[in-house]
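Coordinates from target.cif are shown below (mmCIF, C-alpha atoms).
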```cif
data_query
#
loop_
_atom_site.label_atom_id
_atom_site.label_comp_id
_atom_site.auth_asym_id
_atom_site.auth_seq_id
_atom_site.Cartn_x
_atom_site.Cartn_y
_atom_site.Cartn_z
CA LEU A 1 -123.18 42.09 -65.97
CA LEU A 2 -119.81 42.27 -67.68
CA ASN A 3 -118.90 38.99 -69.40
CA ILE A 4 -115.21 38.10 -69.08
CA ASN A 5 -113.24 35.13 -70.39
CA VAL A 6 -109.86 34.61 -68.74
CA GLY A 7 -107.76 31.82 -70.21
CA GLY A 8 -110.87 29.86 -71.29
CA LYS A 9 -112.90 30.28 -68.09
CA SER A 10 -115.91 32.60 -68.06
CA PHE A 11 -116.74 35.07 -65.29
CA GLN A 12 -119.53 37.61 -64.79
CA ILE A 13 -119.13 40.74 -62.66
CA ALA A 14 -121.65 43.55 -62.14
CA TYR A 15 -120.80 46.92 -63.70
CA LYS A 16 -121.61 48.78 -60.49
CA VAL A 17 -119.10 46.60 -58.56
CA LEU A 18 -116.33 47.26 -61.09
CA ALA A 19 -117.09 51.00 -61.07
CA GLN A 20 -116.04 51.14 -57.41
CA TYR A 21 -112.43 50.54 -58.55
CA PRO A 22 -112.01 52.87 -61.53
CA ILE A 23 -108.19 52.68 -61.68
CA THR A 24 -108.16 48.89 -62.23
CA ARG A 25 -108.23 47.35 -65.70
CA LEU A 26 -111.75 45.92 -65.32
CA GLY A 27 -112.95 49.14 -63.70
CA LYS A 28 -111.83 51.09 -66.77
CA LEU A 29 -113.45 48.47 -68.99
CA ALA A 30 -116.77 49.00 -67.17
CA LEU A 31 -116.59 52.81 -67.26
CA TYR A 32 -115.34 53.40 -70.80
CA THR A 33 -117.96 54.05 -73.45
CA ASP A 34 -115.62 54.18 -76.43
CA PRO A 35 -115.38 50.66 -77.99
CA THR A 36 -111.86 51.38 -79.25
CA LYS A 37 -110.56 52.08 -75.73
CA LYS A 38 -112.28 48.94 -74.45
CA LEU A 39 -110.57 46.80 -77.07
CA GLN A 40 -107.20 48.24 -75.98
CA LEU A 41 -107.78 46.86 -72.49
CA CYS A 42 -108.42 43.25 -73.55
CA ASP A 43 -106.84 40.72 -75.92
CA ASP A 44 -109.98 39.95 -77.90
CA TYR A 45 -113.74 40.52 -78.02
CA LEU A 46 -116.38 37.88 -78.88
CA VAL A 47 -119.32 39.67 -80.49
CA GLN A 48 -121.72 36.70 -80.32
CA LYS A 49 -121.34 36.31 -76.54
CA ASN A 50 -120.56 39.98 -75.81
CA GLU A 51 -117.51 38.63 -73.97
CA TYR A 52 -114.10 40.21 -73.41
CA PHE A 53 -111.21 37.75 -73.64
CA PHE A 54 -107.98 38.01 -71.58
CA ASP A 55 -105.09 35.65 -72.24
CA ARG A 56 -104.02 35.43 -68.59
CA ASP A 57 -103.77 32.79 -65.86
CA PRO A 58 -107.33 31.81 -64.80
CA SER A 59 -106.17 30.23 -61.52
CA ILE A 60 -104.86 33.56 -60.23
CA PHE A 61 -107.83 35.46 -61.61
CA HIS A 62 -109.99 33.59 -59.09
CA TYR A 63 -108.36 35.79 -56.41
CA ILE A 64 -108.98 38.90 -58.54
CA PHE A 65 -112.61 37.85 -59.01
CA HIS A 66 -112.98 37.34 -55.26
CA PHE A 67 -111.45 40.78 -54.65
CA TYR A 68 -114.16 42.51 -56.71
CA ARG A 69 -116.89 40.58 -54.87
CA SER A 70 -115.57 41.06 -51.32
CA GLY A 71 -113.17 44.02 -51.52
CA VAL A 72 -110.34 41.96 -50.00
CA LEU A 73 -107.39 40.49 -51.91
CA TRP A 74 -106.56 37.04 -50.57
CA MET A 75 -103.21 35.31 -51.16
CA MET A 76 -102.25 31.66 -50.75
CA ASP A 77 -98.84 30.45 -49.57
CA GLU A 78 -98.36 28.09 -52.51
CA MET A 79 -98.44 30.88 -55.10
CA CYS A 80 -95.25 32.14 -56.72
CA PRO A 81 -94.72 35.75 -55.51
CA SER A 82 -93.25 36.96 -58.80
CA ASN A 83 -96.08 35.50 -60.86
CA PHE A 84 -98.75 36.84 -58.51
CA VAL A 85 -97.25 40.37 -58.50
CA GLU A 86 -97.07 40.32 -62.29
CA GLU A 87 -100.72 39.29 -62.55
CA ILE A 88 -102.12 41.85 -60.10
CA GLU A 89 -100.07 44.59 -61.77
CA TYR A 90 -101.66 43.61 -65.08
CA TRP A 91 -105.14 43.88 -63.55
CA GLY A 92 -104.20 47.16 -61.86
CA ILE A 93 -104.78 45.98 -58.28
CA HIS A 94 -102.49 47.03 -55.43
CA LEU A 95 -101.30 44.89 -52.54
CA LYS A 96 -102.80 47.39 -50.11
CA TYR A 97 -106.19 45.74 -50.66
CA SER A 98 -104.96 42.55 -48.98
CA GLN A 99 -105.15 41.78 -45.28
CA ARG A 100 -102.15 42.88 -43.21
CA CYS A 101 -101.31 39.33 -42.08
CA CYS A 102 -101.34 38.04 -45.66
CA ARG A 103 -99.34 41.01 -46.90
CA ILE A 104 -96.61 40.55 -44.28
CA LEU A 105 -96.22 36.84 -45.08
CA PHE A 106 -96.29 37.54 -48.80
CA GLU A 107 -93.62 40.24 -48.58
CA GLU A 108 -91.41 37.95 -46.47
CA LYS A 109 -91.76 35.21 -49.04
CA GLN A 110 -91.03 37.71 -51.82
CA ASP A 111 -87.88 38.89 -50.02
CA GLU A 112 -86.74 35.29 -49.55
CA LEU A 113 -87.25 34.58 -53.24
CA ASN A 114 -85.37 37.73 -54.27
CA GLU A 115 -82.53 36.86 -51.91
CA TYR A 116 -82.41 33.32 -53.27
CA LEU A 117 -82.28 34.55 -56.87
CA LYS A 118 -79.60 37.09 -55.99
CA THR A 119 -77.49 34.44 -54.26
CA GLU A 120 -78.00 32.04 -57.16
CA LYS A 121 -76.78 34.68 -59.60
CA GLU A 122 -73.70 35.40 -57.47
CA LEU A 123 -72.94 31.68 -57.15
CA GLU A 124 -73.07 31.30 -60.93
CA ALA A 125 -70.77 34.32 -61.28
CA GLU A 126 -68.40 32.69 -58.77
CA LEU A 127 -67.82 29.79 -61.16
CA GLU A 128 -67.83 31.74 -64.40
CA PRO A 129 -64.34 32.51 -65.74
CA LEU A 130 -63.32 36.11 -66.35
CA GLU A 131 -62.96 35.44 -70.04
CA SER A 132 -64.66 33.18 -72.54
CA GLY A 133 -63.28 31.47 -75.60
CA ALA A 134 -65.45 33.57 -77.93
CA GLN A 135 -63.70 36.80 -76.84
CA PHE A 136 -60.54 35.85 -78.74
CA ASP A 137 -62.23 35.61 -82.13
CA GLY A 138 -60.79 38.15 -84.56
CA LYS A 139 -58.08 39.36 -82.15
CA PHE A 140 -54.31 39.29 -82.45
CA LEU A 141 -53.10 35.67 -82.10
CA GLY A 142 -56.67 34.76 -81.22
CA GLN A 143 -56.37 31.00 -81.75
CA PHE A 144 -53.10 30.77 -79.82
CA ARG A 145 -54.44 32.84 -76.90
CA LYS A 146 -57.63 30.78 -76.89
CA MET A 147 -55.58 27.59 -76.70
CA VAL A 148 -53.53 29.02 -73.80
CA TRP A 149 -56.74 30.16 -72.08
CA ASN A 150 -58.24 26.66 -72.30
CA LEU A 151 -55.05 25.17 -70.87
CA ILE A 152 -54.86 27.48 -67.89
CA GLU A 153 -58.50 28.42 -67.15
CA ASN A 154 -60.60 25.48 -68.31
CA PRO A 155 -59.33 22.28 -66.63
CA PHE A 156 -62.06 20.14 -68.24
CA SER A 157 -61.24 21.17 -71.82
CA SER A 158 -58.44 18.61 -72.29
CA VAL A 159 -56.12 16.22 -70.49
CA PRO A 160 -53.14 18.67 -70.53
CA ALA A 161 -55.36 21.35 -68.98
CA LYS A 162 -56.34 18.95 -66.20
CA ILE A 163 -52.67 18.07 -65.64
CA ILE A 164 -51.77 21.77 -65.33
CA ALA A 165 -54.55 22.29 -62.78
CA VAL A 166 -53.31 19.32 -60.72
CA MET A 167 -49.71 20.53 -60.99
CA SER A 168 -50.75 23.99 -59.79
CA SER A 169 -52.22 22.54 -56.59
CA PHE A 170 -49.23 20.21 -56.23
CA PHE A 171 -46.68 23.03 -56.44
CA VAL A 172 -48.66 25.10 -53.92
CA LEU A 173 -48.48 22.24 -51.43
CA ILE A 174 -44.78 21.67 -52.18
CA SER A 175 -44.07 25.36 -51.64
CA ILE A 176 -45.89 25.42 -48.28
CA VAL A 177 -44.11 22.23 -47.16
CA GLY A 178 -40.75 23.71 -48.20
CA MET A 179 -41.40 26.94 -46.30
CA THR A 180 -42.37 24.90 -43.23
CA LEU A 181 -39.30 22.64 -43.37
CA SER A 182 -36.98 25.64 -43.80
CA THR A 183 -37.76 26.61 -40.18
CA VAL A 184 -36.76 23.19 -38.81
CA GLU A 185 -33.40 23.31 -37.01
CA GLU A 186 -32.11 20.14 -38.72
CA MET A 187 -32.76 21.67 -42.17
CA LYS A 188 -30.79 24.86 -41.52
CA ASN A 189 -27.49 23.30 -42.55
CA LYS A 190 -25.87 24.03 -45.90
CA THR A 191 -27.33 20.98 -47.69
CA GLY A 192 -30.83 21.60 -46.36
CA LYS A 193 -30.75 25.27 -47.34
CA LEU A 194 -29.57 24.33 -50.83
CA TRP A 195 -32.45 21.88 -51.28
CA MET A 196 -34.97 24.43 -50.00
CA GLU A 197 -33.62 27.10 -52.35
CA HIS A 198 -33.84 24.77 -55.35
CA MET A 199 -37.39 23.76 -54.40
CA GLU A 200 -38.41 27.41 -54.00
CA MET A 201 -36.85 28.27 -57.36
CA VAL A 202 -38.75 25.50 -59.16
CA CYS A 203 -42.04 26.55 -57.56
CA ALA A 204 -41.42 30.22 -58.38
CA ILE A 205 -40.65 29.39 -62.01
CA PHE A 206 -43.89 27.38 -62.31
CA PHE A 207 -45.99 30.10 -60.65
CA THR A 208 -44.39 32.76 -62.87
CA SER A 209 -45.09 30.74 -66.00
CA GLU A 210 -48.66 30.20 -64.89
CA TYR A 211 -49.14 33.92 -64.24
CA LEU A 212 -47.65 34.91 -67.61
CA MET A 213 -49.89 32.40 -69.40
CA ARG A 214 -52.94 33.94 -67.74
CA LEU A 215 -51.71 37.41 -68.66
CA ILE A 216 -51.19 36.41 -72.30
CA SER A 217 -54.62 34.80 -72.54
CA SER A 218 -56.42 37.81 -71.03
CA SER A 219 -58.47 39.98 -73.39
CA SER A 220 -58.48 42.97 -71.01
CA PHE A 221 -55.42 43.98 -68.99
CA LYS A 222 -57.45 46.13 -66.55
CA LYS A 223 -59.93 43.33 -65.91
CA PHE A 224 -57.02 40.95 -65.38
CA LEU A 225 -55.45 43.18 -62.71
CA ARG A 226 -58.77 43.69 -60.89
CA ALA A 227 -59.43 39.95 -60.54
CA ALA A 228 -58.92 38.64 -57.01
CA PHE A 229 -57.40 35.30 -58.07
CA ASN A 230 -54.86 37.04 -60.29
CA ALA A 231 -53.86 39.27 -57.38
CA ILE A 232 -53.30 36.13 -55.30
CA ASP A 233 -51.13 34.69 -58.09
CA LEU A 234 -49.05 37.88 -58.14
CA VAL A 235 -48.60 37.76 -54.35
CA ALA A 236 -47.49 34.14 -54.72
CA ILE A 237 -44.55 34.98 -57.00
CA LEU A 238 -43.47 38.44 -55.75
CA PRO A 239 -41.76 37.23 -52.51
CA PHE A 240 -39.25 35.15 -54.49
CA TYR A 241 -38.07 38.06 -56.64
CA ILE A 242 -38.18 40.57 -53.77
CA GLN A 243 -36.10 38.15 -51.72
CA ILE A 244 -33.49 37.99 -54.49
CA LEU A 245 -33.42 41.80 -54.67
CA PHE A 246 -33.01 42.25 -50.91
CA GLU A 247 -30.36 39.54 -50.68
CA SER A 248 -28.34 41.32 -53.36
CA LEU A 249 -28.67 44.60 -51.41
CA GLU A 250 -27.70 42.79 -48.23
CA ASP A 251 -24.58 41.36 -49.85
CA GLY A 252 -23.61 44.80 -51.12
CA ASP A 253 -23.97 46.38 -47.70
CA MET A 254 -21.94 43.65 -46.01
CA GLN A 255 -18.81 44.88 -47.83
CA TYR A 256 -18.92 47.99 -45.64
CA HIS A 257 -19.80 46.31 -42.36
CA GLU A 258 -17.19 48.40 -40.57
CA GLU A 259 -19.50 51.38 -40.64
CA LEU A 260 -22.18 51.21 -37.96
CA HIS A 261 -25.02 52.63 -40.02
CA LYS A 262 -24.34 50.06 -42.75
CA VAL A 263 -24.64 47.24 -40.21
CA GLU A 264 -27.92 48.73 -39.03
CA ASN A 265 -29.15 48.78 -42.62
CA VAL A 266 -28.23 45.12 -42.98
CA SER A 267 -30.22 44.33 -39.82
CA LYS A 268 -33.23 46.21 -41.16
CA LEU A 269 -32.98 44.41 -44.48
CA GLY A 270 -32.88 41.09 -42.65
CA LYS A 271 -36.12 41.90 -40.83
CA VAL A 272 -37.80 42.97 -44.06
CA LEU A 273 -36.52 39.81 -45.74
CA LYS A 274 -38.13 37.65 -43.04
CA LEU A 275 -41.41 39.47 -43.59
CA ILE A 276 -41.15 38.94 -47.35
CA LYS A 277 -40.50 35.23 -46.84
CA LEU A 278 -43.55 35.02 -44.61
CA MET A 279 -45.70 36.35 -47.48
CA ARG A 280 -45.25 32.98 -49.20
CA ILE A 281 -47.90 31.58 -46.85
CA PHE A 282 -50.50 33.38 -49.01
CA ARG A 283 -49.77 30.86 -51.76
CA ILE A 284 -52.17 28.49 -50.08
CA LEU A 285 -54.96 30.81 -51.23
CA LYS A 286 -54.20 29.65 -54.78
CA LEU A 287 -55.93 26.38 -53.88
CA ALA A 288 -59.23 28.27 -53.87
CA ARG A 289 -59.05 28.43 -57.68
CA HIS A 290 -59.55 24.66 -57.88
CA SER A 291 -61.31 24.00 -54.53
CA THR A 292 -65.09 24.23 -54.28
CA GLY A 293 -64.93 24.06 -50.50
CA LEU A 294 -62.64 27.11 -50.20
CA ARG A 295 -64.81 29.03 -52.66
CA ALA A 296 -67.92 28.14 -50.66
CA PHE A 297 -66.21 29.25 -47.44
CA SER A 298 -65.17 32.58 -48.97
CA PHE A 299 -68.65 33.09 -50.40
CA THR A 300 -70.23 32.31 -47.01
CA MET A 301 -68.04 34.89 -45.27
CA ARG A 302 -69.00 37.52 -47.86
CA GLN A 303 -72.71 36.75 -47.60
CA CYS A 304 -72.73 36.54 -43.79
CA TYR A 305 -70.50 39.51 -43.00
CA GLN A 306 -73.30 41.10 -40.96
CA GLN A 307 -73.63 38.04 -38.71
CA VAL A 308 -69.83 37.82 -38.37
CA CYS A 309 -69.54 41.51 -37.46
CA CYS A 310 -72.37 41.10 -34.96
CA LEU A 311 -70.58 38.12 -33.38
CA LEU A 312 -67.33 40.13 -33.10
CA LEU A 313 -69.26 43.01 -31.52
CA PHE A 314 -70.79 40.68 -28.90
CA ILE A 315 -67.37 39.18 -28.18
CA ALA A 316 -65.86 42.64 -27.71
CA MET A 317 -68.71 43.62 -25.39
CA GLY A 318 -68.24 40.41 -23.39
CA VAL A 319 -64.47 40.93 -23.13
CA PHE A 320 -64.86 44.47 -21.80
CA THR A 321 -67.69 43.56 -19.43
CA PHE A 322 -66.20 40.45 -17.83
CA SER A 323 -62.67 41.89 -17.67
CA ALA A 324 -64.07 44.82 -15.69
CA LEU A 325 -66.02 42.47 -13.38
CA ILE A 326 -63.10 40.12 -12.74
CA HIS A 327 -60.79 43.05 -12.03
CA SER A 328 -63.22 44.56 -9.54
CA VAL A 329 -63.42 41.33 -7.46
CA GLU A 330 -59.80 40.15 -7.83
CA HIS A 331 -57.57 43.25 -7.80
CA ASP A 332 -57.18 43.20 -3.98
CA VAL A 333 -55.93 39.58 -3.89
CA PRO A 334 -52.15 39.41 -3.20
CA GLY A 335 -50.15 38.25 -6.25
CA THR A 336 -53.14 38.43 -8.57
CA ASP A 337 -52.67 38.67 -12.34
CA PHE A 338 -55.72 40.90 -12.67
CA THR A 339 -53.86 44.09 -11.82
CA SER A 340 -55.81 46.16 -14.37
CA ILE A 341 -58.69 45.79 -16.79
CA PRO A 342 -56.40 45.61 -19.89
CA TYR A 343 -54.49 42.75 -18.21
CA ALA A 344 -57.83 40.95 -17.75
CA TRP A 345 -58.75 41.22 -21.45
CA TRP A 346 -56.74 38.11 -22.32
CA TRP A 347 -58.44 36.05 -19.62
CA ALA A 348 -61.90 37.27 -20.74
CA ALA A 349 -61.19 36.52 -24.42
CA VAL A 350 -59.89 33.02 -23.64
CA SER A 351 -62.83 32.27 -21.34
CA LEU A 352 -65.44 33.57 -23.81
CA SER A 353 -64.02 31.35 -26.53
CA THR A 354 -64.20 28.40 -24.06
CA VAL A 355 -60.53 27.60 -24.76
CA GLY A 356 -59.46 28.00 -21.13
CA TYR A 357 -55.65 27.96 -21.12
CA GLY A 358 -55.55 28.19 -17.34
CA ASP A 359 -52.58 30.58 -17.37
CA THR A 360 -54.68 33.16 -15.50
CA VAL A 361 -57.34 32.03 -13.04
CA PRO A 362 -59.43 33.76 -10.34
CA ASP A 363 -58.64 32.95 -6.70
CA THR A 364 -61.76 34.14 -4.87
CA MET A 365 -65.17 32.49 -4.82
CA LEU A 366 -66.79 35.61 -6.30
CA GLY A 367 -64.19 35.63 -9.07
CA ARG A 368 -64.97 32.00 -9.91
CA ILE A 369 -68.68 32.85 -10.13
CA VAL A 370 -67.82 35.64 -12.60
CA ALA A 371 -65.67 33.16 -14.55
CA PHE A 372 -68.53 30.64 -14.66
CA VAL A 373 -70.94 33.29 -15.98
CA CYS A 374 -68.33 34.37 -18.55
CA ILE A 375 -67.84 30.81 -19.81
CA SER A 376 -71.60 30.18 -19.92
CA PHE A 377 -72.11 33.40 -21.88
CA GLY A 378 -69.34 32.31 -24.29
CA ILE A 379 -71.03 28.94 -24.93
CA ILE A 380 -74.36 30.63 -25.70
CA LEU A 381 -72.69 33.33 -27.80
CA ASN A 382 -70.66 30.90 -29.90
CA GLY A 383 -73.57 28.53 -30.40
CA MET A 384 -75.96 31.12 -31.84
CA PRO A 385 -74.30 32.24 -35.11
CA ILE A 386 -72.17 29.16 -35.79
CA SER A 387 -75.21 27.06 -36.70
CA ILE A 388 -76.35 29.79 -39.11
CA LEU A 389 -72.92 30.02 -40.73
CA TYR A 390 -72.63 26.23 -41.02
CA ASN A 391 -76.08 25.85 -42.57
CA LYS A 392 -75.35 28.58 -45.09
CA PHE A 393 -71.95 27.06 -45.89
CA SER A 394 -73.53 23.64 -46.47
CA ASP A 395 -76.19 25.18 -48.69
CA TYR A 396 -73.72 27.24 -50.74
CA TYR A 397 -71.33 24.30 -51.08
CA ALA A 398 -74.09 22.01 -52.36
CA ARG A 399 -75.30 24.63 -54.84
CA LEU A 400 -71.76 25.34 -56.07
CA LYS A 401 -71.20 21.62 -56.65
CA ALA A 402 -74.52 21.44 -58.51
CA HIS A 403 -73.51 24.34 -60.75
CA GLU A 404 -70.14 22.70 -61.41
CA MET A 405 -71.84 19.45 -62.40
CA SER A 406 -74.27 21.27 -64.68
CA GLN A 407 -71.39 23.08 -66.40
#
```
Could you write out this structure as structure tokens?
Amino acid sequence: LLNINVGGKSFQIAYKVLAQYPITRLGKLALYTDPTKKLQLCDDYLVQKNEYFFDRDPSIFHYIFHFYRSGVLWMMDEMCPSNFVEEIEYWGIHLKYSQRCCRILFEEKQDELNEYLKTEKELEAELEPLESGAQFDGKFLGQFRKMVWNLIENPFSSVPAKIIAVMSSFFVLISIVGMTLSTVEEMKNKTGKLWMEHMEMVCAIFFTSEYLMRLISSSSFKKFLRAAFNAIDLVAILPFYIQILFESLEDGDMQYHEELHKVENVSKLGKVLKLIKLMRIFRILKLARHSTGLRAFSFTMRQCYQQVCCLLLFIAMGVFTFSALIHSVEHDVPGTDFTSIPYAWWWAAVSLSTVGYGDTVPDTMLGRIVAFVCISFGIILNGMPISILYNKFSDYYARLKAHEMSQ
């Protein structure tokens, strides 16, 4: 018998049993005749007891010991997969010796753990700033740039930093409200336009100052440009300056309005200017910098893109299928709106989403049966992935809040 001590617990295994597994650590220990090689396989050797000592987990070695006696590697659900894999790799035993049912459950649990750790790492990276205060040490104007970085990137560093963070969200809301009110008919008079222009100018000046402060406090210009939040900040301020540029071009072209092509250019500039003004709606994305809920929503969409794409695929399949069915049973009805399959796409999309505007409805009994099946399919289709997305969102939001509290 080979005497083994694992973490203070003694075991005895027959040499002939260990010799059946020569590639394992204990199998080599039983087959080697050179004492030097044997000592390289263990942590210590007790001469008095003729016992080989291993400084490993004795609770897991019970499963290793059982494997040598029975030839089957058993695994319990309560064991940590990473710890168990590390232990069996140390002893030189492969998972192929386990039963198929145990191996499938173990691999599923291992995949879940790896996915959890991966998600946890990405969630921590979601909250980590692009820079850190230590990166400014020894650099040009390091103390000044570090102070600016704390003001603009670390709201919990001081009271002024918290005020700037609150003001950033406040100006985003003011900008969105101003853009909304500018479309109201009562605000299109001269006084209303003047107020809206002044409000937009104040917001643009604040957003520009905020962007320049982030640019100054960045240690790497390339990393600064690649950051998603900085791209959103740039999109938030560009429409104001592009609008000024196009308005100046528009004023210059108006001096030659007698020429037809100049008038056409003015019309084109006006359309582009409306599109540029509409880009200001992206400023609301700036709230994600200080909103845990928006960050959790964005993170959920990135993590669940496969489920979302699958949902869109099923919706597209449903739209094509039910639009073809409703057209085939309704196209002969006088005055029907289902004159072709493309015209029925809108009805199928509205019915699948269970919105049901009622602007287009079937007239025949067979068409109403198709509509009922379409609506029922939409209820089932929408109910399947939404619960998954909501559960993941709740989980990610709770974990993001926990990371914020720990920081």
Matched chain/residue IDs from the PyMOL selection byres ((chain A and resi 364) around 12), as a PyMOL selection string
chain A and resi 326-334+336+338+361-363+365-371
Selected residues, C-alpha atoms, written as a tab-separated table (two decimals), in the coordinates of the input, please.
```
chain	number	residue	atom	x	y	z
A	326	ILE	CA	-63.10	40.12	-12.74
A	327	HIS	CA	-60.79	43.05	-12.03
A	328	SER	CA	-63.22	44.56	-9.54
A	329	VAL	CA	-63.42	41.33	-7.46
A	330	GLU	CA	-59.80	40.15	-7.83
A	331	HIS	CA	-57.57	43.25	-7.80
A	332	ASP	CA	-57.18	43.20	-3.98
A	333	VAL	CA	-55.93	39.58	-3.89
A	334	PRO	CA	-52.15	39.41	-3.20
A	336	THR	CA	-53.14	38.43	-8.57
A	338	PHE	CA	-55.72	40.90	-12.67
A	361	VAL	CA	-57.34	32.03	-13.04
A	362	PRO	CA	-59.43	33.76	-10.34
A	363	ASP	CA	-58.64	32.95	-6.70
A	365	MET	CA	-65.17	32.49	-4.82
A	366	LEU	CA	-66.79	35.61	-6.30
A	367	GLY	CA	-64.19	35.63	-9.07
A	368	ARG	CA	-64.97	32.00	-9.91
A	369	ILE	CA	-68.68	32.85	-10.13
A	370	VAL	CA	-67.82	35.64	-12.60
A	371	ALA	CA	-65.67	33.16	-14.55
```
Would you compute the distance between CA of Ser169 in chain A and CA of Ala204 in chain A? Give it in Å to one decimal.
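So the two atoms, CA of Ser169 in chain A and CA of Ala204 in chain A, lie 13.4 Å apart.
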List, as a ChimeraX atom specification, every residue that the PyMOL selection byres ((chain A and resi 99-112) around 10) selects in the file provided.
/A:72-77,79-82,85,95-98,113-118
Starting from the displayed file, determine the output of the PyMOL selection byres ((chain A and resi 381) around 10) and express the residue list as a PyMOL selection string.
chain A and resi 311+314-315+318+352-353+375-380+382-386
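Here CA of Met317 in chain A and CA of Ser340 in chain A stand 17.2 Å from one another.
Closest approach to Cys304 in chain A among A:Phe320, A:Phe372, A:Tyr390, A:Trp345 is made by A:Tyr390 (distances from only C-alpha atoms).
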Just the number, please: distance in Å from CA of Pro239 in chain A to CA of Ala227 in chain A, one decimal.
19.6 Å
Residue nearest Thr24 in chain A among A:Leu325, A:Ile244, A:Phe84, A:Tyr90 (counting all atoms listed in the file):
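For Thr24 in chain A, the nearest of the given residues is A:Tyr90.
Closest approach to Ile88 in chain A among A:Leu26, A:Ile64, A:Val355, A:Leu31: A:Ile64, based on only C-alpha atoms.
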Non-local contacts of Ala165 in chain A (10 Å; all atoms listed in the file; under 4 positions in same chain excluded) as a VMD selection string
chain A and resid 151 to 156 159 to 161 169 to 170 287 289 to 290
Take the residues from that selection and put them in a file with C-alpha atoms, as an mmCIF file, keeping the file's coordinate frame.
```
data_model
loop_
_atom_site.group_PDB
_atom_site.id
_atom_site.type_symbol
_atom_site.label_atom_id
_atom_site.label_comp_id
_atom_site.auth_asym_id
_atom_site.auth_seq_id
_atom_site.Cartn_x
_atom_site.Cartn_y
_atom_site.Cartn_z
ATOM 1 C CA LEU A 151 -55.050 25.170 -70.870
ATOM 2 C CA ILE A 152 -54.860 27.480 -67.890
ATOM 3 C CA GLU A 153 -58.500 28.420 -67.150
ATOM 4 C CA ASN A 154 -60.600 25.480 -68.310
ATOM 5 C CA PRO A 155 -59.330 22.280 -66.630
ATOM 6 C CA PHE A 156 -62.060 20.140 -68.240
ATOM 7 C CA VAL A 159 -56.120 16.220 -70.490
ATOM 8 C CA PRO A 160 -53.140 18.670 -70.530
ATOM 9 C CA ALA A 161 -55.360 21.350 -68.980
ATOM 10 C CA SER A 169 -52.220 22.540 -56.590
ATOM 11 C CA PHE A 170 -49.230 20.210 -56.230
ATOM 12 C CA LEU A 287 -55.930 26.380 -53.880
ATOM 13 C CA ARG A 289 -59.050 28.430 -57.680
ATOM 14 C CA HIS A 290 -59.550 24.660 -57.880
#
```
Distance cut-off 12 Å, centre (-111.2, 32.8, -59.5) in file coordinates, counting only C-alpha atoms: which residues qualify? Return them as an NGL selection string.
:A and (4-7 or 9-13 or 56-69 or 73-75)
Of the candidates A:Ile284, A:Val47, A:Leu313, A:Leu2, which one gets nearest to Phe229 in chain A if we count only C-alpha atoms?
A:Ile284
Tell me, as a ChimeraX atom specification, which residues lie within 12 Å of Arg214 in chain A, counting all atoms listed in the file; anything in the same chain fewer than 6 positions away does not count.
/A:129-131,145-154,207-208,220-221,223-225,227,229-231,233-234
Among the residues A:Ser70, A:Gln20, A:Thr191, A:Ser298, the one that comes closest to Leu285 in chain A [using all atoms listed in the file]:
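Once distances to Leu285 in chain A are computed over all atoms listed in the file, the minimum belongs to A:Ser298.
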Please report, as lines of an AutoDock Vina configuration file, the centre and edge lengths in Å to one decimal of an axis-aligned box covering all listed atoms of range 71-86 of chain A with 4 Å per side.
```
center_x = -103.2
center_y = 36.1
center_z = -55.9
size_x = 27.9
size_y = 23.9
size_z = 20.7
```
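Within the 10 Å cut-off around range 36-46 of chain A, using only C-alpha atoms and omitting residues fewer than 2 positions from it on the same chain, the listed residues are Asn3, Ile4, Asn5, Val6, Arg25, Leu26, Lys28, Leu29, Ala30, Leu31, Tyr32, Thr33, Asp34, Gln48, Lys49, Asn50, Glu51, Tyr52, Phe53, Phe54, Asp55, Arg56 and Trp91 of chain A.
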Which residues, written as a list in words, have at least one atom at most 12 Å from Met196 in chain A, with only C-alpha atoms counted and residues fewer than 4 positions away on the same chain left out?
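What passes the distance filter is Ile174, Ser175, Ile176, Val177, Gly178, Met179, Thr180, Leu181, Ser182, Thr183, Val184, Met187, Lys188, Asn189, Lys190, Thr191, Gly192, Glu200, Met201, Val202 and Cys203 of chain A.
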Output C-alpha atoms for every residue in that selection, as a PDB file, in the coordinates of the input.
```pdb
ATOM      1  CA  ILE A 174     -44.780  21.670 -52.180  1.00  0.00           C
ATOM      2  CA  SER A 175     -44.070  25.360 -51.640  1.00  0.00           C
ATOM      3  CA  ILE A 176     -45.890  25.420 -48.280  1.00  0.00           C
ATOM      4  CA  VAL A 177     -44.110  22.230 -47.160  1.00  0.00           C
ATOM      5  CA  GLY A 178     -40.750  23.710 -48.200  1.00  0.00           C
ATOM      6  CA  MET A 179     -41.400  26.940 -46.300  1.00  0.00           C
ATOM      7  CA  THR A 180     -42.370  24.900 -43.230  1.00  0.00           C
ATOM      8  CA  LEU A 181     -39.300  22.640 -43.370  1.00  0.00           C
ATOM      9  CA  SER A 182     -36.980  25.640 -43.800  1.00  0.00           C
ATOM     10  CA  THR A 183     -37.760  26.610 -40.180  1.00  0.00           C
ATOM     11  CA  VAL A 184     -36.760  23.190 -38.810  1.00  0.00           C
ATOM     12  CA  MET A 187     -32.760  21.670 -42.170  1.00  0.00           C
ATOM     13  CA  LYS A 188     -30.790  24.860 -41.520  1.00  0.00           C
ATOM     14  CA  ASN A 189     -27.490  23.300 -42.550  1.00  0.00           C
ATOM     15  CA  LYS A 190     -25.870  24.030 -45.900  1.00  0.00           C
ATOM     16  CA  THR A 191     -27.330  20.980 -47.690  1.00  0.00           C
ATOM     17  CA  GLY A 192     -30.830  21.600 -46.360  1.00  0.00           C
ATOM     18  CA  GLU A 200     -38.410  27.410 -54.000  1.00  0.00           C
ATOM     19  CA  MET A 201     -36.850  28.270 -57.360  1.00  0.00           C
ATOM     20  CA  VAL A 202     -38.750  25.500 -59.160  1.00  0.00           C
ATOM     21  CA  CYS A 203     -42.040  26.550 -57.560  1.00  0.00           C
TER      22      CYS A 203
END
```
